[in-house]
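*Asks:* My structure file my_file-v6.pdb, PDB, C-alpha atoms and all ligand atoms, is below:
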ATOM      1  CA  MET A   1      21.898 -86.918  11.892
ATOM      2  CA  PRO A   2      18.611 -88.817  12.477
ATOM      3  CA  ARG A   3      16.285 -89.552   9.595
ATOM      4  CA  ALA A   4      13.826 -86.826   8.608
ATOM      5  CA  GLU A   5      10.885 -89.101   9.556
ATOM      6  CA  ASP A   6      12.256 -89.455  13.089
ATOM      7  CA  VAL A   7      12.715 -85.686  13.435
ATOM      8  CA  GLN A   8       9.193 -85.122  12.123
ATOM      9  CA  SER A   9       7.586 -87.588  14.520
ATOM     10  CA  MET A  10       9.640 -86.226  17.435
ATOM     11  CA  PHE A  11       8.321 -82.698  16.785
ATOM     12  CA  ASN A  12       4.790 -84.044  16.437
ATOM     13  CA  ARG A  13       5.227 -85.665  19.860
ATOM     14  CA  ILE A  14       6.595 -82.617  21.705
ATOM     15  CA  SER A  15       4.498 -79.975  19.919
ATOM     16  CA  GLY A  16       1.997 -79.487  22.786
ATOM     17  CA  ARG A  17       4.684 -78.476  25.303
ATOM     18  CA  TYR A  18       7.179 -76.978  22.823
ATOM     19  CA  ASP A  19       6.485 -73.301  23.602
ATOM     20  CA  LEU A  20       6.543 -73.752  27.368
ATOM     21  CA  MET A  21       9.757 -75.761  27.159
ATOM     22  CA  ASN A  22      11.362 -73.066  24.966
ATOM     23  CA  ARG A  23      10.565 -70.294  27.418
ATOM     24  CA  VAL A  24      11.888 -72.290  30.381
ATOM     25  CA  MET A  25      14.967 -73.566  28.525
ATOM     26  CA  THR A  26      16.036 -70.076  27.390
ATOM     27  CA  LEU A  27      14.682 -68.221  30.445
ATOM     28  CA  GLY A  28      12.681 -66.115  27.985
ATOM     29  CA  ILE A  29      15.801 -64.593  26.409
ATOM     30  CA  ASP A  30      14.916 -66.187  23.050
ATOM     31  CA  LYS A  31      12.389 -63.380  22.480
ATOM     32  CA  ARG A  32      15.232 -60.948  22.151
ATOM     33  CA  TRP A  33      17.048 -63.160  19.610
ATOM     34  CA  ARG A  34      13.862 -63.608  17.609
ATOM     35  CA  ASN A  35      13.237 -59.850  17.477
ATOM     36  CA  ALA A  36      16.801 -59.394  16.192
ATOM     37  CA  ALA A  37      16.144 -61.978  13.459
ATOM     38  CA  VAL A  38      13.013 -60.151  12.352
ATOM     39  CA  ARG A  39      14.900 -56.828  12.236
ATOM     40  CA  ALA A  40      17.549 -58.508  10.056
ATOM     41  CA  ALA A  41      14.821 -59.522   7.596
ATOM     42  CA  ARG A  42      14.187 -55.787   6.882
ATOM     43  CA  ILE A  43      10.441 -56.064   6.568
ATOM     44  CA  ASP A  44       8.449 -53.349   4.816
ATOM     45  CA  PRO A  45       4.751 -53.151   3.886
ATOM     46  CA  SER A  46       5.355 -54.829   0.502
ATOM     47  CA  THR A  47       7.358 -57.771   1.895
ATOM     48  CA  ARG A  48       6.199 -61.302   1.160
ATOM     49  CA  ALA A  49       7.988 -63.385   3.776
ATOM     50  CA  LEU A  50       8.567 -67.092   4.287
ATOM     51  CA  ASP A  51       9.440 -68.574   7.686
ATOM     52  CA  VAL A  52      10.848 -72.067   7.060
ATOM     53  CA  CYS A  53      10.753 -74.705   9.851
ATOM     54  CA  CYS A  54       8.292 -72.287  11.469
ATOM     55  CA  GLY A  55       7.267 -74.643  14.284
ATOM     56  CA  THR A  56       4.578 -73.032  16.407
ATOM     57  CA  GLY A  57       5.018 -69.702  14.613
ATOM     58  CA  ASP A  58       7.037 -67.429  16.932
ATOM     59  CA  ILE A  59       8.971 -65.761  14.113
ATOM     60  CA  THR A  60       6.113 -66.086  11.622
ATOM     61  CA  PHE A  61       3.851 -63.919  13.783
ATOM     62  CA  LEU A  62       6.621 -61.406  14.476
ATOM     63  CA  LEU A  63       7.179 -60.955  10.721
ATOM     64  CA  ALA A  64       3.498 -60.065  10.291
ATOM     65  CA  GLU A  65       3.582 -57.775  13.323
ATOM     66  CA  ALA A  66       6.634 -56.040  11.800
ATOM     67  CA  GLY A  67       4.417 -55.073   8.859
ATOM     68  CA  ALA A  68       4.951 -57.705   6.141
ATOM     69  CA  GLU A  69       2.231 -57.821   3.518
ATOM     70  CA  HIS A  70       1.945 -61.613   3.707
ATOM     71  CA  VAL A  71       3.794 -64.298   5.646
ATOM     72  CA  ILE A  72       3.877 -68.037   5.092
ATOM     73  CA  GLY A  73       5.038 -70.329   7.875
ATOM     74  CA  ALA A  74       6.144 -73.712   6.500
ATOM     75  CA  ASP A  75       6.996 -76.793   8.527
ATOM     76  CA  PHE A  76       6.852 -80.551   7.952
ATOM     77  CA  SER A  77       5.348 -81.336  11.376
ATOM     78  CA  GLU A  78       1.555 -81.216  11.410
ATOM     79  CA  GLY A  79       1.653 -81.237  15.228
ATOM     80  CA  MET A  80       3.714 -78.039  15.319
ATOM     81  CA  LEU A  81       1.488 -76.457  12.641
ATOM     82  CA  ASP A  82      -1.639 -77.327  14.665
ATOM     83  CA  GLN A  83      -0.185 -75.424  17.621
ATOM     84  CA  ALA A  84       0.696 -72.497  15.333
ATOM     85  CA  ARG A  85      -2.862 -72.349  13.966
ATOM     86  CA  LYS A  86      -4.324 -72.466  17.492
ATOM     87  CA  ARG A  87      -2.117 -69.556  18.507
ATOM     88  CA  GLN A  88      -3.112 -67.666  15.372
ATOM     89  CA  LYS A  89      -6.832 -67.856  16.190
ATOM     90  CA  GLY A  90      -6.332 -66.237  19.587
ATOM     91  CA  HIS A  91      -3.542 -63.868  18.585
ATOM     92  CA  ARG A  92      -3.884 -60.327  19.982
ATOM     93  CA  ASP A  93      -2.407 -58.711  16.831
ATOM     94  CA  PRO A  94      -4.750 -58.495  13.812
ATOM     95  CA  ALA A  95      -1.770 -58.733  11.429
ATOM     96  CA  ALA A  96      -0.890 -62.146  12.867
ATOM     97  CA  ARG A  97      -4.498 -63.282  12.457
ATOM     98  CA  THR A  98      -5.044 -62.014   8.905
ATOM     99  CA  ARG A  99      -1.704 -61.905   7.079
ATOM    100  CA  VAL A 100      -0.249 -65.262   8.107
ATOM    101  CA  GLU A 101      -0.786 -68.649   6.486
ATOM    102  CA  PHE A 102       0.638 -71.956   7.715
ATOM    103  CA  LEU A 103       1.455 -74.709   5.220
ATOM    104  CA  GLN A 104       3.020 -78.116   5.477
ATOM    105  CA  GLY A 105       6.275 -78.269   3.539
ATOM    106  CA  ASP A 106       9.735 -79.769   3.598
ATOM    107  CA  ALA A 107      12.645 -77.310   3.803
ATOM    108  CA  LEU A 108      14.505 -79.467   1.276
ATOM    109  CA  ARG A 109      11.677 -79.411  -1.295
ATOM    110  CA  LEU A 110       9.849 -76.159  -0.653
ATOM    111  CA  PRO A 111       6.412 -76.180  -2.302
ATOM    112  CA  PHE A 112       6.882 -72.695  -3.843
ATOM    113  CA  ASP A 113       7.841 -71.302  -7.235
ATOM    114  CA  ASP A 114      11.213 -69.691  -7.874
ATOM    115  CA  ASN A 115      11.437 -65.968  -6.981
ATOM    116  CA  SER A 116       8.425 -65.961  -4.646
ATOM    117  CA  PHE A 117       9.631 -64.170  -1.462
ATOM    118  CA  ASP A 118      11.368 -60.951  -0.376
ATOM    119  CA  ALA A 119      12.510 -62.330   2.991
ATOM    120  CA  ILE A 120      13.166 -65.866   4.197
ATOM    121  CA  THR A 121      13.826 -66.734   7.830
ATOM    122  CA  VAL A 122      14.708 -69.962   9.580
ATOM    123  CA  SER A 123      15.115 -70.126  13.350
ATOM    124  CA  PHE A 124      16.382 -73.119  15.316
ATOM    125  CA  GLY A 125      15.331 -75.250  12.354
ATOM    126  CA  VAL A 126      18.129 -75.710   9.865
ATOM    127  CA  ARG A 127      20.283 -77.807  12.212
ATOM    128  CA  ASN A 128      17.590 -80.489  12.006
ATOM    129  CA  VAL A 129      17.567 -80.903   8.233
ATOM    130  CA  GLU A 130      19.405 -83.764   6.570
ATOM    131  CA  ASP A 131      21.195 -81.562   4.017
ATOM    132  CA  ILE A 132      21.978 -78.017   5.203
ATOM    133  CA  PRO A 133      23.556 -76.793   1.903
ATOM    134  CA  LEU A 134      20.489 -78.018   0.000
ATOM    135  CA  ALA A 135      18.186 -76.137   2.403
ATOM    136  CA  PHE A 136      20.029 -72.868   1.683
ATOM    137  CA  ARG A 137      19.898 -73.553  -2.067
ATOM    138  CA  GLU A 138      16.140 -73.959  -1.693
ATOM    139  CA  PHE A 139      15.911 -70.627   0.190
ATOM    140  CA  ALA A 140      17.933 -68.985  -2.610
ATOM    141  CA  ARG A 141      15.668 -70.546  -5.242
ATOM    142  CA  VAL A 142      12.407 -69.295  -3.746
ATOM    143  CA  GLY A 143      13.832 -65.855  -2.876
ATOM    144  CA  ARG A 144      13.612 -62.919  -5.256
ATOM    145  CA  PRO A 145      16.703 -60.922  -6.262
ATOM    146  CA  GLY A 146      17.458 -58.666  -3.265
ATOM    147  CA  ALA A 147      15.646 -60.972  -0.795
ATOM    148  CA  ARG A 148      17.053 -61.171   2.729
ATOM    149  CA  ILE A 149      17.926 -64.635   4.044
ATOM    150  CA  VAL A 150      18.113 -64.863   7.847
ATOM    151  CA  CYS A 151      19.184 -67.832   9.958
ATOM    152  CA  LEU A 152      19.031 -67.950  13.763
ATOM    153  CA  GLU A 153      20.658 -71.023  15.271
ATOM    154  CA  ILE A 154      22.361 -72.425  18.355
ATOM    155  CA  THR A 155      26.087 -72.855  18.031
ATOM    156  CA  ARG A 156      29.011 -73.917  20.202
ATOM    157  CA  PRO A 157      30.590 -70.892  21.903
ATOM    158  CA  LYS A 158      34.280 -70.022  21.528
ATOM    159  CA  SER A 159      35.168 -69.186  25.127
ATOM    160  CA  LYS A 160      36.061 -71.976  27.595
ATOM    161  CA  VAL A 161      33.768 -70.576  30.278
ATOM    162  CA  ALA A 162      30.798 -70.339  27.925
ATOM    163  CA  ASN A 163      31.579 -73.857  26.672
ATOM    164  CA  GLY A 164      31.513 -75.219  30.219
ATOM    165  CA  PHE A 165      28.161 -73.579  30.833
ATOM    166  CA  TYR A 166      26.876 -74.849  27.463
ATOM    167  CA  ASP A 167      27.851 -78.460  28.308
ATOM    168  CA  VAL A 168      26.177 -78.418  31.711
ATOM    169  CA  TRP A 169      23.071 -76.651  30.420
ATOM    170  CA  PHE A 170      22.544 -78.744  27.294
ATOM    171  CA  ASP A 171      23.820 -82.110  28.523
ATOM    172  CA  ARG A 172      22.190 -82.099  31.972
ATOM    173  CA  VAL A 173      19.685 -79.335  32.540
ATOM    174  CA  VAL A 174      17.813 -79.406  29.213
ATOM    175  CA  PRO A 175      17.229 -83.226  29.137
ATOM    176  CA  ALA A 176      16.039 -83.074  32.776
ATOM    177  CA  LEU A 177      13.667 -80.183  32.023
ATOM    178  CA  GLY A 178      12.461 -82.044  28.934
ATOM    179  CA  ALA A 179      11.696 -85.125  31.022
ATOM    180  CA  VAL A 180       9.596 -83.090  33.461
ATOM    181  CA  ILE A 181       7.930 -80.496  31.228
ATOM    182  CA  SER A 182       7.605 -82.413  27.980
ATOM    183  CA  ARG A 183       7.748 -85.939  29.437
ATOM    184  CA  ASP A 184      10.219 -86.659  26.636
ATOM    185  CA  ARG A 185      13.824 -86.916  27.763
ATOM    186  CA  ALA A 186      14.844 -88.495  24.443
ATOM    187  CA  ALA A 187      13.701 -85.492  22.405
ATOM    188  CA  TYR A 188      15.478 -83.065  24.701
ATOM    189  CA  THR A 189      18.618 -85.188  24.556
ATOM    190  CA  TYR A 190      18.549 -85.167  20.744
ATOM    191  CA  LEU A 191      17.988 -81.388  20.515
ATOM    192  CA  PRO A 192      21.176 -80.433  22.419
ATOM    193  CA  GLU A 193      23.136 -83.139  20.559
ATOM    194  CA  SER A 194      22.072 -81.636  17.238
ATOM    195  CA  THR A 195      23.583 -78.277  18.214
ATOM    196  CA  LYS A 196      27.021 -79.806  18.702
ATOM    197  CA  THR A 197      27.523 -80.845  15.102
ATOM    198  CA  PHE A 198      26.049 -77.688  13.636
ATOM    199  CA  PRO A 199      28.632 -75.695  11.596
ATOM    200  CA  ARG A 200      30.387 -72.826  13.407
ATOM    201  CA  PRO A 201      29.551 -69.334  12.091
ATOM    202  CA  PRO A 202      32.382 -69.033   9.503
ATOM    203  CA  LYS A 203      31.497 -72.441   8.047
ATOM    204  CA  LEU A 204      27.800 -71.596   7.950
ATOM    205  CA  ARG A 205      28.654 -68.376   6.134
ATOM    206  CA  GLU A 206      30.542 -70.445   3.515
ATOM    207  CA  ILE A 207      27.523 -72.727   3.095
ATOM    208  CA  MET A 208      25.251 -69.728   2.594
ATOM    209  CA  GLN A 209      27.668 -68.155   0.107
ATOM    210  CA  ALA A 210      27.955 -71.419  -1.825
ATOM    211  CA  ALA A 211      24.158 -71.376  -2.140
ATOM    212  CA  GLY A 212      24.434 -68.002  -3.906
ATOM    213  CA  ILE A 213      23.630 -65.760  -0.924
ATOM    214  CA  GLY A 214      25.738 -62.585  -0.858
ATOM    215  CA  ASP A 215      26.913 -60.137   1.784
ATOM    216  CA  VAL A 216      26.664 -62.691   4.592
ATOM    217  CA  SER A 217      27.404 -61.443   8.088
ATOM    218  CA  TRP A 218      26.592 -62.700  11.556
ATOM    219  CA  LYS A 219      26.126 -61.563  15.117
ATOM    220  CA  MET A 220      26.444 -63.620  18.263
ATOM    221  CA  TYR A 221      23.952 -63.581  21.117
ATOM    222  CA  GLY A 222      23.520 -65.327  24.434
ATOM    223  CA  GLY A 223      27.222 -65.138  25.302
ATOM    224  CA  GLY A 224      28.109 -66.932  22.065
ATOM    225  CA  ILE A 225      25.577 -69.770  22.037
ATOM    226  CA  VAL A 226      23.329 -68.278  19.360
ATOM    227  CA  ALA A 227      24.393 -67.065  15.916
ATOM    228  CA  LEU A 228      22.255 -64.845  13.727
ATOM    229  CA  HIS A 229      23.394 -64.975  10.086
ATOM    230  CA  SER A 230      21.936 -62.774   7.405
ATOM    231  CA  GLY A 231      22.618 -62.258   3.738
ATOM    232  CA  VAL A 232      21.005 -61.029   0.581
ATOM    233  CA  LEU A 233      20.304 -62.571  -2.801
ATOM    234  CA  PRO A 234      22.175 -60.719  -5.515
ATOM    235  CA  LEU A 235      20.262 -58.341  -7.768
ATOM    236  CA  SER A 236      22.292 -59.347 -10.806
ATOM    237  CA  PRO A 237      23.291 -62.868 -11.898
ATOM    238  CA  ALA A 238      27.015 -62.095 -11.435
ATOM    239  CA  PRO A 239      27.352 -60.850  -7.830
ATOM    240  CA  GLU A 240      30.531 -59.396  -6.348
ATOM    241  CA  ALA A 241      32.604 -61.785  -4.250
ATOM    242  CA  PRO A 242      30.676 -62.035  -0.963
ATOM    243  CA  ARG A 243      32.174 -60.305   2.038
ATOM    244  CA  ALA A 244      31.524 -61.345   5.620
ATOM    245  CA  THR A 245      32.203 -59.770   8.962
ATOM    246  CA  GLU A 246      31.561 -60.765  12.512
ATOM    247  CA  GLN A 247      30.230 -57.496  13.809
ATOM    248  CA  ARG A 248      30.200 -57.896  17.583
ATOM    249  CA  ASP A 249      29.577 -60.315  20.349
ATOM    250  CA  GLU A 250      26.509 -59.548  22.351
ATOM    251  CA  VAL A 251      26.004 -61.148  25.713
ATOM    252  CA  ALA A 252      22.423 -61.965  26.512
ATOM    253  CA  GLY A 253      20.684 -59.937  29.141
ATOM    254  CA  PRO A 254      17.091 -60.046  30.247
ATOM    255  CA  ALA A 255      14.610 -60.331  27.377
TER     256      ALA A 255
HETATM  257  C1  LIG A 301      13.400 -76.471  17.092
HETATM  258  S1  LIG A 301      11.979 -76.256  16.099
HETATM  259  C2  LIG A 301      12.020 -74.526  15.721
HETATM  260  C3  LIG A 301      10.659 -73.955  15.483
HETATM  261  C4  LIG A 301      10.585 -72.450  15.308
HETATM  262  N1  LIG A 301      11.236 -72.003  14.109
HETATM  263  C5  LIG A 301      11.138 -71.735  16.515
HETATM  264  O1  LIG A 301      12.008 -70.884  16.342
HETATM  265  O2  LIG A 301      10.672 -72.002  17.618
HETATM  266  C6  LIG A 301      12.450 -76.984  14.576
HETATM  267  C7  LIG A 301      11.323 -77.092  13.591
HETATM  268  O3  LIG A 301      11.873 -77.474  12.336
HETATM  269  C8  LIG A 301      10.964 -78.358  11.720
HETATM  270  N2  LIG A 301      11.711 -79.111  10.705
HETATM  271  C9  LIG A 301      12.800 -79.886  10.886
HETATM  272  N3  LIG A 301      13.220 -80.392   9.704
HETATM  273  C10 LIG A 301      12.378 -79.902   8.759
HETATM  274  C11 LIG A 301      12.288 -80.044   7.346
HETATM  275  N4  LIG A 301      13.151 -80.815   6.659
HETATM  276  N5  LIG A 301      11.310 -79.401   6.699
HETATM  277  C12 LIG A 301      10.408 -78.639   7.373
HETATM  278  N6  LIG A 301      10.422 -78.477   8.698
HETATM  279  C13 LIG A 301      11.398 -79.100   9.397
HETATM  280  C14 LIG A 301      10.421 -79.192  12.867
HETATM  281  O4  LIG A 301       9.214 -79.834  12.555
HETATM  282  C15 LIG A 301      10.280 -78.134  13.959
HETATM  283  O5  LIG A 301       9.011 -77.558  13.958
END
Could you write out this structure as structure tokens?
*Replies:*
Amino acid sequence: MPRAEDVQSMFNRISGRYDLMNRVMTLGIDKRWRNAAVRAARIDPSTRALDVCCGTGDITFLLAEAGAEHVIGADFSEGMLDQARKRQKGHRDPAARTRVEFLQGDALRLPFDDNSFDAITVSFGVRNVEDIPLAFREFARVGRPGARIVCLEITRPKSKVANGFYDVWFDRVVPALGAVISRDRAAYTYLPESTKTFPRPPKLREIMQAAGIGDVSWKMYGGGIVALHSGVLPLSPAPEAPRATEQRDEVAGPA
């Protein structure tokens, strides 16, 4: 795991081409995964939502468009936040322009009081932090009782065929695309590498449960390369033993 400063400066460097690279790298299918993450956050008109490691704001804007009362996007890269704020100014949806705020903040020391949010999302972000269990403890700290905690992340698929595709795509195609589109092969070599050590879904569920998040379940997307975990903070201090189920595998189709 590289040092946080290196991750931060890498995202500052690639921020200008990050969105384009994402669309090319995922062939646009990521939009579908992001919409699923926002549905899992169960937004209603009174929801105060936090999108941690928000980057250029894809999920942050979707949370506002889904009807949240207020959404904060937090990230430690000023470069990524600059891109998010630029997008916000020209955003076609008034909710994204008026109900979203972007703040600099570290996922491991969130600059918010306890019990501040009804929904907390993190997409393609938590694999980059130095201490994943601590990040989930922070999400649990700033969430209110009953808050939804949602994590969208790349993971290594189970099937041999999908694994073969994953290796070729992430080890060869993504670094080559990164060199051309982002002019930063190193960043797009690190990003795939970081997915390989990320905990598999059952382990991630354990980490979330250990942080005090209940009712954790997950769904797979993209033929098993993306896992969407969601859970809820208990309403009472003594929650039931958490239960988890893998509901179904969903193979990605066109976005
Ligand atoms: C791969 S990008 C994902 C951005 C966005 N959530 C998305 O789905 O496109 C990872 C983001 O996590 C941020 N990040 C990594 N470690 C962080 C930390 N410890 N605290 C806050 N942000 C962090 C990076 O700056 C970057 O913007």
*Asks:* Using only C-alpha atoms, which residues sit within 7 Å of A:Thr60 once same-chain residues fewer than 3 positions away are excluded, as a count of residues only?
*Replies:* 7
*Asks:* Pick out the residues no farther than 6 Å from ligand LIG 301 (chain A), counting only C-alpha atoms and all ligand atoms, and list them as a compact mmCIF listing (two decimals) with C-alpha atoms, in the frame of the given file.
*Replies:*
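result39.txt was written with the following content:
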# COMPACT_ATOMS: atom_id res chain seq x y z
CA GLN A 8 9.19 -85.12 12.12
CA PHE A 11 8.32 -82.70 16.78
CA CYS A 53 10.75 -74.70 9.85
CA CYS A 54 8.29 -72.29 11.47
CA GLY A 55 7.27 -74.64 14.28
CA ASP A 58 7.04 -67.43 16.93
CA ASP A 75 7.00 -76.79 8.53
CA PHE A 76 6.85 -80.55 7.95
CA SER A 77 5.35 -81.34 11.38
CA MET A 80 3.71 -78.04 15.32
CA GLY A 105 6.28 -78.27 3.54
CA ASP A 106 9.74 -79.77 3.60
CA ALA A 107 12.64 -77.31 3.80
CA LEU A 108 14.50 -79.47 1.28
CA SER A 123 15.12 -70.13 13.35
CA PHE A 124 16.38 -73.12 15.32
CA GLY A 125 15.33 -75.25 12.35
CA ASN A 128 17.59 -80.49 12.01
CA VAL A 129 17.57 -80.90 8.23
*Asks:* Quick one: of A:Phe102, A:Pro199, A:Arg34, A:Trp218, who's nearest to A:Lys86, counting all atoms listed in the file?
*Replies:*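 Nearest to A:Lys86: A:Phe102.
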*Asks:* Translate the PyMOL selection byres (((chain A and resi 202-216) around 7) and not hetatm) into a concrete residue list for this structure, as a VMD selection string.
*Replies:* chain A and resid 133 136 to 137 140 199 to 201 217 to 218 229 to 234 242 to 244
*Asks:* On this structure, the PyMOL selection byres (((chain A and resi 147) around 12) and not hetatm) would catch which residues? List them as a PyMOL selection string, sorted by chain and number.
*Replies:* chain A and resi 40-44+47-50+115-121+139-146+148-150+212-215+230-235
*Asks:* Produce a file of the selected residues containing C-alpha atoms, as a CSV table (one decimal), in the frame of the given file.
*Replies:*
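Produced file result11.csv, reproduced below:
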chain,number,residue,atom,x,y,z
A,40,ALA,CA,17.5,-58.5,10.1
A,41,ALA,CA,14.8,-59.5,7.6
A,42,ARG,CA,14.2,-55.8,6.9
A,43,ILE,CA,10.4,-56.1,6.6
A,44,ASP,CA,8.4,-53.3,4.8
A,47,THR,CA,7.4,-57.8,1.9
A,48,ARG,CA,6.2,-61.3,1.2
A,49,ALA,CA,8.0,-63.4,3.8
A,50,LEU,CA,8.6,-67.1,4.3
A,115,ASN,CA,11.4,-66.0,-7.0
A,116,SER,CA,8.4,-66.0,-4.6
A,117,PHE,CA,9.6,-64.2,-1.5
A,118,ASP,CA,11.4,-61.0,-0.4
A,119,ALA,CA,12.5,-62.3,3.0
A,120,ILE,CA,13.2,-65.9,4.2
A,121,THR,CA,13.8,-66.7,7.8
A,139,PHE,CA,15.9,-70.6,0.2
A,140,ALA,CA,17.9,-69.0,-2.6
A,141,ARG,CA,15.7,-70.5,-5.2
A,142,VAL,CA,12.4,-69.3,-3.7
A,143,GLY,CA,13.8,-65.9,-2.9
A,144,ARG,CA,13.6,-62.9,-5.3
A,145,PRO,CA,16.7,-60.9,-6.3
A,146,GLY,CA,17.5,-58.7,-3.3
A,148,ARG,CA,17.1,-61.2,2.7
A,149,ILE,CA,17.9,-64.6,4.0
A,150,VAL,CA,18.1,-64.9,7.8
A,212,GLY,CA,24.4,-68.0,-3.9
A,213,ILE,CA,23.6,-65.8,-0.9
A,214,GLY,CA,25.7,-62.6,-0.9
A,215,ASP,CA,26.9,-60.1,1.8
A,230,SER,CA,21.9,-62.8,7.4
A,231,GLY,CA,22.6,-62.3,3.7
A,232,VAL,CA,21.0,-61.0,0.6
A,233,LEU,CA,20.3,-62.6,-2.8
A,234,PRO,CA,22.2,-60.7,-5.5
A,235,LEU,CA,20.3,-58.3,-7.8
*Asks:* Which residues, written as a ChimeraX atom specification, have at least one atom at most 6 Å from stretch 185-188 of chain A, with all atoms listed in the file counted and residues fewer than 6 positions away on the same chain left out?
*Replies:* /A:175,178-179
*Asks:* Just give me the gap between atom CA of A:Tyr190 and atom CA of A:Gln88 in Å, one decimal is fine.
*Replies:*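 Between atom CA of A:Tyr190 and atom CA of A:Gln88 the gap works out to 28.4 Å.
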*Asks:* Hey, which of A:Ala95, A:Ala135, A:Met10, A:Met21 ends up closest to A:Leu110? Count all atoms listed in the file.
*Replies:*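 Smallest distance to A:Leu110 is found for A:Ala135.
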*Asks:* Translate the PyMOL selection byres (((chain A and resi 154) around 6) and not hetatm) into a concrete residue list for this structure, as a list in words.
*Replies:*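 Residues picked by the PyMOL selection byres (((chain A and resi 154) around 6) and not hetatm): Glu153, Thr155, Thr195, Ile225 and Val226 of chain A.
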*Asks:* Of the candidates A:Thr26, A:Thr189, A:Thr98, A:Thr56, which shows the shortest atom-to-atom distance to A:Ala176, using all atoms listed in the file?
*Replies:*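 Smallest distance to A:Ala176 is found for A:Thr189.
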*Asks:* Point out the residue among A:Glu138, A:Glu193, A:Asp6, A:Asp93 with the least atom-to-atom distance to A:Glu65, counting only C-alpha atoms.
*Replies:*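 Comparing A:Glu138, A:Glu193, A:Asp6, A:Asp93 against A:Glu65, the winner is A:Asp93.
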*Asks:* Considering all atoms listed in the file, state which residue in the set A:Val122, A:Leu152, A:Gln83, A:Glu78 is at the smallest distance from A:Leu20.
*Replies:* A:Gln83
*Asks:* For a quick check of understanding, using only C-alpha atoms, which of A:Ile72, A:Ile59, A:Leu134, A:Val24 has the smallest distance to A:Val38?
*Replies:*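 Checking each candidate against A:Val38, we get A:Ile59 as the closest.
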